[in-house]
Number of protein chains: 2
Amino acid sequence: MYTRDVTMRDVAARAKVAVSTVSRVVSNPERIAAPTRERVLRAMRELGYAPPLSRSTTSGSVAMLVADITNPFFFDLIRGSQEQLKAAGFSQLLIDTEESPVVEASSLEAVADSAAGVILTATRLDDAPIRAAAERIPVVCINRAVSGVTTVMMSTRTAMEDAVEHLATLGHRRICYVHGPPVSWSDAERWASCADAGARLGLEVIEVGPHEPSVPGGKAAADDVLDSGVTAVLAFNDLVAIGILQRLSQRGVRVPEDLSVVGCDDTFGADFCNPPLTTLTVPLLEAGRLATTLLLDKLGAADLAAGREASLSAHLTVRSSTGPARTGQLVLGR
Amino acid sequence: MYTRDVTMRDVAARAKVAVSTVSRVVSNPERIAAPTRERVLRAMRELGYAPPLSRSTTSGSVAMLVADITNPFFFDLIRGSQEQLKAAGFSQLLIDTEESPVVEASSLEAVADSAAGVILTATRLDDAPIRAAAERIPVVCINRAVSGVTTVMMSTRTAMEDAVEHLATLGHRRICYVHGPPVSWSDAERWASCADAGARLGLEVIEVGPHEPSVPGGKAAADDVLDSGVTAVLAFNDLVAIGILQRLSQRGVRVPEDLSVVGCDDTFGADFCNPPLTTLTVPLLEAGRLATTLLLDKLGAADLAAGREASLSAHLTVRSSTGPARTGQLVLGR
DNA sequence: TTGAAAGCGCTAACAG
DNA sequence: CTGTTAGCGCTTTCAA
């Protein structure tokens with residue numbers, strides 16, 4: 001009958017006080033004399049009493065699920081969200097789903113009733129569980145369209161096309177794209193952009209992968225790339241590109257003399273790796289900010305001058321709020 | 001009187017069922033016929049009913065607080081902890097304290113009653129709040145000694161001494177150490193190691209900083225380093241070292257011809273930056289594992305074959321469990 | 001499968 | 001500052 005393992009009654013008995021006193025120690029500690037309070041707290045510890053958790057204490061937080069906390073791609077998404085959360089007085093719970101839909105599902109389950117809302121970034125989940133979660137708790141997705149769920153998309157289409165065009169200008173006729181995770185929306189969009197631009201420019205575009213979106217994944221991809229006999233490679237992201245660079249260096253292939261390598265996202269590492277990487281910028285910070293603003297809006301916890309008009313549509317493509325410079329720009333190796 | 005904004009009674013009325021039915025929908029959904037369940041769920045959504053949170057749903061998680069989620073130093077700490085948590089069926093909550101004691105304190109406060117335990121890594125907090133937290137919830141620190149609180153320390157003393165000796169062998173007579181955060185235990189230990197080794201070998205060792213333990217921090221430090229007229233620099237960590245490398249490259253200073261740079265921690269980026277970085281390995285993965293094992297031990301949630309003997313002491317220095325190779329080893333630039 | 005009702009854990013009003 | 005007590009939210013037993 002609604003029995004807990006150890007109750008306030010037990011604590012009260014051990015501390016020789018009334019239950020109400022125990023109750024007050026939990027909710028209004030300052031209203032209780034220090035010695036009595038100490039006695040009660042000690043009894044709690046000894047009995048292992050866990051006070052009831054009021055939703056208010058725990059719901060001042062918003063969870064952000066990321067596929068790989070070790071992937072710098074997520075850094076600015078995290079930072080952008082943090083900014084907005086801090087301004088609204090919320091705290092951030094980060095969860096690494098380790099690129100696993102299973103871990104992601106159980107994590108989502110776990111935070112669904114401890115956080116006020118959830119931001120799903122580059123989720124590996126099917127539509128169904130995402131919709132199910134969205135019924136229990138406010139959800140915003142980044143780079144994943146699910147009907148009925150608010151979504152922020154970062155398109156890299158034009159930048160990808162610029163990159164392919166750039167390679168064509170350099171004289172490349174046969175290039176390849178290294179796929180990331182099969183379930184990734186970004187991967188699909190990036191591949192489509194490559195294929196389209198290649199067709200338009202009369203280039204032969206080969207597919208390699210899928211591979212893990214990580215440095216080891218890139219190393220694995222490098223051998224496939226060399227076998228394919230292309231002269232340039234576009235990688236799903238910078239991590240993969242860096243992995244390719246490392247493996248090529250091991251095998252004595254020179255970049256860019258023998259092979260051109262282009263990454264994507266312009267994340268941490270792209271600017272100081274060797275040789276410097278050509279990559280595409282993506283408005284990560286802005287996307288993190290916007291997703292969070294949209295979520296806070298759902299929670300009724302934001303004033304939201306910015307981002308309001310965007311929230312009118314459930315599906316939207318982020319555009320940089322700081323001018324056109326940072327959106328999907330091609331950055332040549334430095 | 002213990003009133004909630006919206007209760008099961010309200011939901012029951014709207015869905016035209018008994019409260020007990022609503023209760024069952026929350027705790028045993030499968031015991032309720034699908035149509036009734038749908039009606040109840042819809043009423044919940046419409047009224048904004050939030051089911052009571054049972055501790056069990058929420059306490060299957062352990063929080064790890066990190067000073068900067070963007071700092072690769074924490075990657076293996078996170079991964080090591082994850083491994084152990086997964087094995088014990090717990091989930092991980094990551095919190096970025098943004099190098100701020102204020103944010104850290106409030107985050108700690110926030111998770112204290114939503115997580116089963118907390119791991120504090122490289123905390124910027126004073127002893128008092130750490131001890132206070134440890135009274136409410138099981139706490140383990142990494143790289144911070146607080147009496148009465150279980151701690152895992154990663155000493156880099158011998159590796160640091162090796163590094164200084166290595167520089168002396170190369171002929172350097174005047175070197176400097178770039179400080180990280182003033183409150184960091186690691187910083188104090190690293191500086192002490194440098195100073196001792198320098199004195200022993202008759203080198204002049206200059207202090208620079210403190211600087212932010214980040215790439216921008218390293219860039220800022222680089223100018224101070226050049227002004228000091230040394231021929232070699234040991235940085236608090238790899239991020240700072242990489243920042244120094246970048247700034248030196250901008251100013252046309254060659255590494256290692258004009259100036260030797262040594263980092264610390266052998267983190268992501270150290271192996272592919274340009275020029276390659278000489279750095280020190282630290283048993284991060286093992287420390288993350290051990291700290292987590294110790295915490296799970298406190299929770300009575302682990303079988304713990306490994307790490308048991310270590311837990312006998314509240315303060316301990318981690319030694320690599322995978323042989324001597326990874327502990328505090330000097331890694332020359334590749 | 002569902003409802004009625006009993007009873008538990010907890011809080012809050014009130015008295016001292 | 002603390003105990004008594006009424007009463008709320010919720011779960012669970014029991015019966016249909």
# chains A, B, ... in the order shown; residues from 1 in each chain; ligands from 1

call {"tool": "closest_atom_pairs", "arguments": {"of": "chain A", "to": "chain B", "cutoff": "6 Å", "atoms": "only C-alpha atoms", "output": "CSV"}}
result
residue,atom,partner,partner_atom,distance
A:Thr70,CA,B:Phe75,CA,6.0
A:Phe75,CA,B:Thr70,CA,6.0
A:Leu93,CA,B:Ile95,CA,5.7
A:Leu94,CA,B:Leu94,CA,4.6
A:Ile95,CA,B:Leu93,CA,5.7
A:Phe272,CA,B:Cys273,CA,5.4
A:Cys273,CA,B:Cys273,CA,4.4
A:Asn274,CA,B:Asn274,CA,5.2

call {"tool": "interface_residues", "arguments": {"of": "chain B", "to": "chain C", "cutoff": "9 Å", "atoms": "only C-alpha atoms (C1' of nucleotides)", "output": "MDAnalysis selection string"}}
result
chainID B and resid 1:3 17:21 31:33

call {"tool": "write_last_selection", "arguments": {"atoms": "N, CA and C atoms", "output": "compact mmCIF listing (two decimals), in the first residue's frame"}}
result
# COMPACT_ATOMS: atom_id res chain seq x y z
N MET B 1 -2.34 22.41 1.81
CA MET B 1 -2.19 21.07 2.39
C MET B 1 -1.70 20.04 1.40
N TYR B 2 -0.46 20.01 1.16
CA TYR B 2 0.10 19.02 0.26
C TYR B 2 -0.60 19.07 -1.08
N THR B 3 -0.96 20.24 -1.54
CA THR B 3 -1.73 20.35 -2.78
C THR B 3 -0.82 20.47 -3.98
N VAL B 17 -13.14 8.43 -15.40
CA VAL B 17 -12.73 7.14 -14.85
C VAL B 17 -12.44 7.35 -13.36
N ALA B 18 -12.12 6.30 -12.67
CA ALA B 18 -11.77 6.42 -11.26
C ALA B 18 -10.31 6.81 -11.12
N VAL B 19 -9.96 7.44 -10.01
CA VAL B 19 -8.57 7.81 -9.77
C VAL B 19 -7.65 6.61 -9.87
N SER B 20 -8.15 5.50 -9.39
CA SER B 20 -7.30 4.31 -9.40
C SER B 20 -6.91 3.94 -10.82
N THR B 21 -7.80 4.17 -11.75
CA THR B 21 -7.49 3.89 -13.16
C THR B 21 -6.37 4.79 -13.64
N ARG B 31 -1.85 -2.87 -17.91
CA ARG B 31 -2.99 -3.48 -17.23
C ARG B 31 -4.29 -2.76 -17.56
N ILE B 32 -4.21 -1.73 -18.39
CA ILE B 32 -5.39 -0.93 -18.72
C ILE B 32 -5.70 -1.08 -20.21
N ALA B 33 -6.98 -1.21 -20.53
CA ALA B 33 -7.38 -1.35 -21.93
C ALA B 33 -6.95 -0.13 -22.74

call {"tool": "select_by_dssp", "arguments": {"residues": "segment 100-313 of chain A", "states": "strand (DSSP E or B)", "output": "ChimeraX atom specification"}}
result
/A:117-121,139-142,150-153,174-178,204-208,232-235,260-262,265,273,278-281

call {"tool": "write_last_selection", "arguments": {"atoms": "N, CA and C atoms", "output": "short mmCIF file (atom, residue, chain, number, x, y, z; two decimals), in the first residue's frame"}}
result
data_model
loop_
_atom_site.label_atom_id
_atom_site.label_comp_id
_atom_site.auth_asym_id
_atom_site.auth_seq_id
_atom_site.Cartn_x
_atom_site.Cartn_y
_atom_site.Cartn_z
N GLY A 117 12.65 19.37 -20.17
CA GLY A 117 12.56 19.24 -21.62
C GLY A 117 13.81 18.56 -22.16
N VAL A 118 13.76 18.17 -23.43
CA VAL A 118 14.89 17.46 -24.03
C VAL A 118 15.22 18.01 -25.41
N ILE A 119 16.51 18.15 -25.67
CA ILE A 119 16.96 18.49 -27.02
C ILE A 119 17.69 17.28 -27.59
N LEU A 120 17.19 16.80 -28.71
CA LEU A 120 17.78 15.64 -29.37
C LEU A 120 18.65 16.14 -30.51
N THR A 121 19.95 15.88 -30.45
CA THR A 121 20.83 16.33 -31.53
C THR A 121 21.24 15.14 -32.36
N VAL A 139 9.99 18.34 -26.52
CA VAL A 139 11.17 17.86 -27.25
C VAL A 139 11.46 18.78 -28.43
N VAL A 140 12.74 19.07 -28.65
CA VAL A 140 13.16 19.75 -29.87
C VAL A 140 14.29 18.94 -30.49
N CYS A 141 14.22 18.73 -31.79
CA CYS A 141 15.28 18.00 -32.49
C CYS A 141 16.19 18.96 -33.24
N ILE A 142 17.44 18.60 -33.34
CA ILE A 142 18.36 19.32 -34.22
C ILE A 142 18.82 18.34 -35.30
N THR A 150 9.04 19.76 -33.01
CA THR A 150 9.78 20.94 -33.41
C THR A 150 11.21 20.57 -33.79
N THR A 151 11.66 21.12 -34.88
CA THR A 151 12.96 20.72 -35.42
C THR A 151 13.77 21.90 -35.91
N VAL A 152 15.04 21.87 -35.68
CA VAL A 152 15.96 22.87 -36.24
C VAL A 152 16.90 22.15 -37.20
N MET A 153 16.95 22.61 -38.41
CA MET A 153 17.78 21.98 -39.41
C MET A 153 18.93 22.88 -39.82
N ARG A 174 37.18 12.79 -60.80
CA ARG A 174 36.68 11.61 -60.11
C ARG A 174 36.87 11.84 -58.61
N ILE A 175 35.75 11.97 -57.90
CA ILE A 175 35.85 12.26 -56.46
C ILE A 175 34.99 11.26 -55.69
N CYS A 176 35.14 11.23 -54.38
CA CYS A 176 34.26 10.36 -53.60
C CYS A 176 33.76 11.03 -52.34
N TYR A 177 32.63 10.51 -51.87
CA TYR A 177 32.04 10.97 -50.61
C TYR A 177 32.10 9.83 -49.62
N VAL A 178 32.61 10.11 -48.41
CA VAL A 178 32.67 9.08 -47.36
C VAL A 178 31.47 9.23 -46.44
N GLU A 204 32.51 12.35 -61.86
CA GLU A 204 32.13 11.03 -61.38
C GLU A 204 32.24 11.05 -59.84
N VAL A 205 31.13 10.73 -59.17
CA VAL A 205 31.14 10.76 -57.70
C VAL A 205 30.87 9.37 -57.14
N ILE A 206 31.84 8.86 -56.41
CA ILE A 206 31.76 7.50 -55.86
C ILE A 206 31.39 7.57 -54.38
N GLU A 207 30.66 6.53 -53.92
CA GLU A 207 30.31 6.47 -52.50
C GLU A 207 31.24 5.51 -51.76
N VAL A 208 31.67 5.91 -50.59
CA VAL A 208 32.47 5.03 -49.73
C VAL A 208 31.79 4.98 -48.37
N ALA A 232 40.09 13.17 -55.15
CA ALA A 232 39.63 14.05 -54.08
C ALA A 232 38.56 13.34 -53.27
N VAL A 233 38.50 13.68 -51.97
CA VAL A 233 37.52 13.04 -51.11
C VAL A 233 36.81 14.07 -50.24
N LEU A 234 35.49 13.93 -50.17
CA LEU A 234 34.68 14.76 -49.27
C LEU A 234 34.23 13.85 -48.14
N ALA A 235 34.52 14.24 -46.91
CA ALA A 235 34.20 13.38 -45.78
C ALA A 235 32.95 13.87 -45.06
N SER A 260 43.16 15.32 -52.56
CA SER A 260 42.55 16.43 -51.83
C SER A 260 41.56 15.90 -50.81
N VAL A 261 41.56 16.51 -49.64
CA VAL A 261 40.63 16.07 -48.59
C VAL A 261 39.82 17.26 -48.10
N VAL A 262 38.50 17.09 -48.07
CA VAL A 262 37.62 18.14 -47.57
C VAL A 262 36.79 17.56 -46.42
N ASP A 265 32.03 20.77 -41.13
CA ASP A 265 31.59 21.31 -39.83
C ASP A 265 32.53 22.35 -39.23
N CYS A 273 45.17 20.94 -37.53
CA CYS A 273 45.68 19.63 -37.89
C CYS A 273 46.67 19.76 -39.03
N THR A 278 40.64 21.64 -45.34
CA THR A 278 39.58 22.41 -45.99
C THR A 278 38.26 21.87 -45.48
N THR A 279 37.39 22.76 -45.05
CA THR A 279 36.15 22.27 -44.43
C THR A 279 35.01 23.24 -44.66
N LEU A 280 33.82 22.88 -44.21
CA LEU A 280 32.65 23.74 -44.34
C LEU A 280 32.17 24.20 -42.98
N THR A 281 31.88 25.48 -42.84
CA THR A 281 31.33 25.94 -41.57
C THR A 281 29.84 25.65 -41.53
#

call {"tool": "interface_residues", "arguments": {"of": "chain D", "to": "chain B", "cutoff": "12 Å", "atoms": "only C-alpha atoms (C1' of nucleotides)", "output": "list in words"}}
result
DA6, DG7, DC8, DG9, DC10, DT11, DT12 and DT13 of chain D

call {"tool": "select_by_dssp", "arguments": {"residues": "segment 166-252 of chain A", "states": "helix (DSSP H, G or I)", "output": "JSON, numbers by chain"}}
result
{"A": [166, 167, 168, 169, 185, 186, 187, 188, 189, 190, 191, 192, 193, 194, 195, 196, 197, 198, 199, 200, 201, 215, 216, 217, 218, 219, 220, 221, 222, 223, 224, 225, 226, 227, 228, 238, 239, 240, 241, 242, 243, 244, 245, 246, 247, 248, 249, 250]}

call {"tool": "residues_around", "arguments": {"residues": "Cys194 of chain B", "least_positions_apart": "2", "cutoff": "8 Å", "atoms": "only C-alpha atoms (C1' of nucleotides)", "output": "number ranges by chain"}}
result
B: 160-161, 164, 177, 190-192, 196-198, 205

call {"tool": "atom_distance", "arguments": {"atom1": "atom CA of Thr292 of chain B", "atom2": "atom CA of Ala122 of chain A"}}
result
28.0 Å
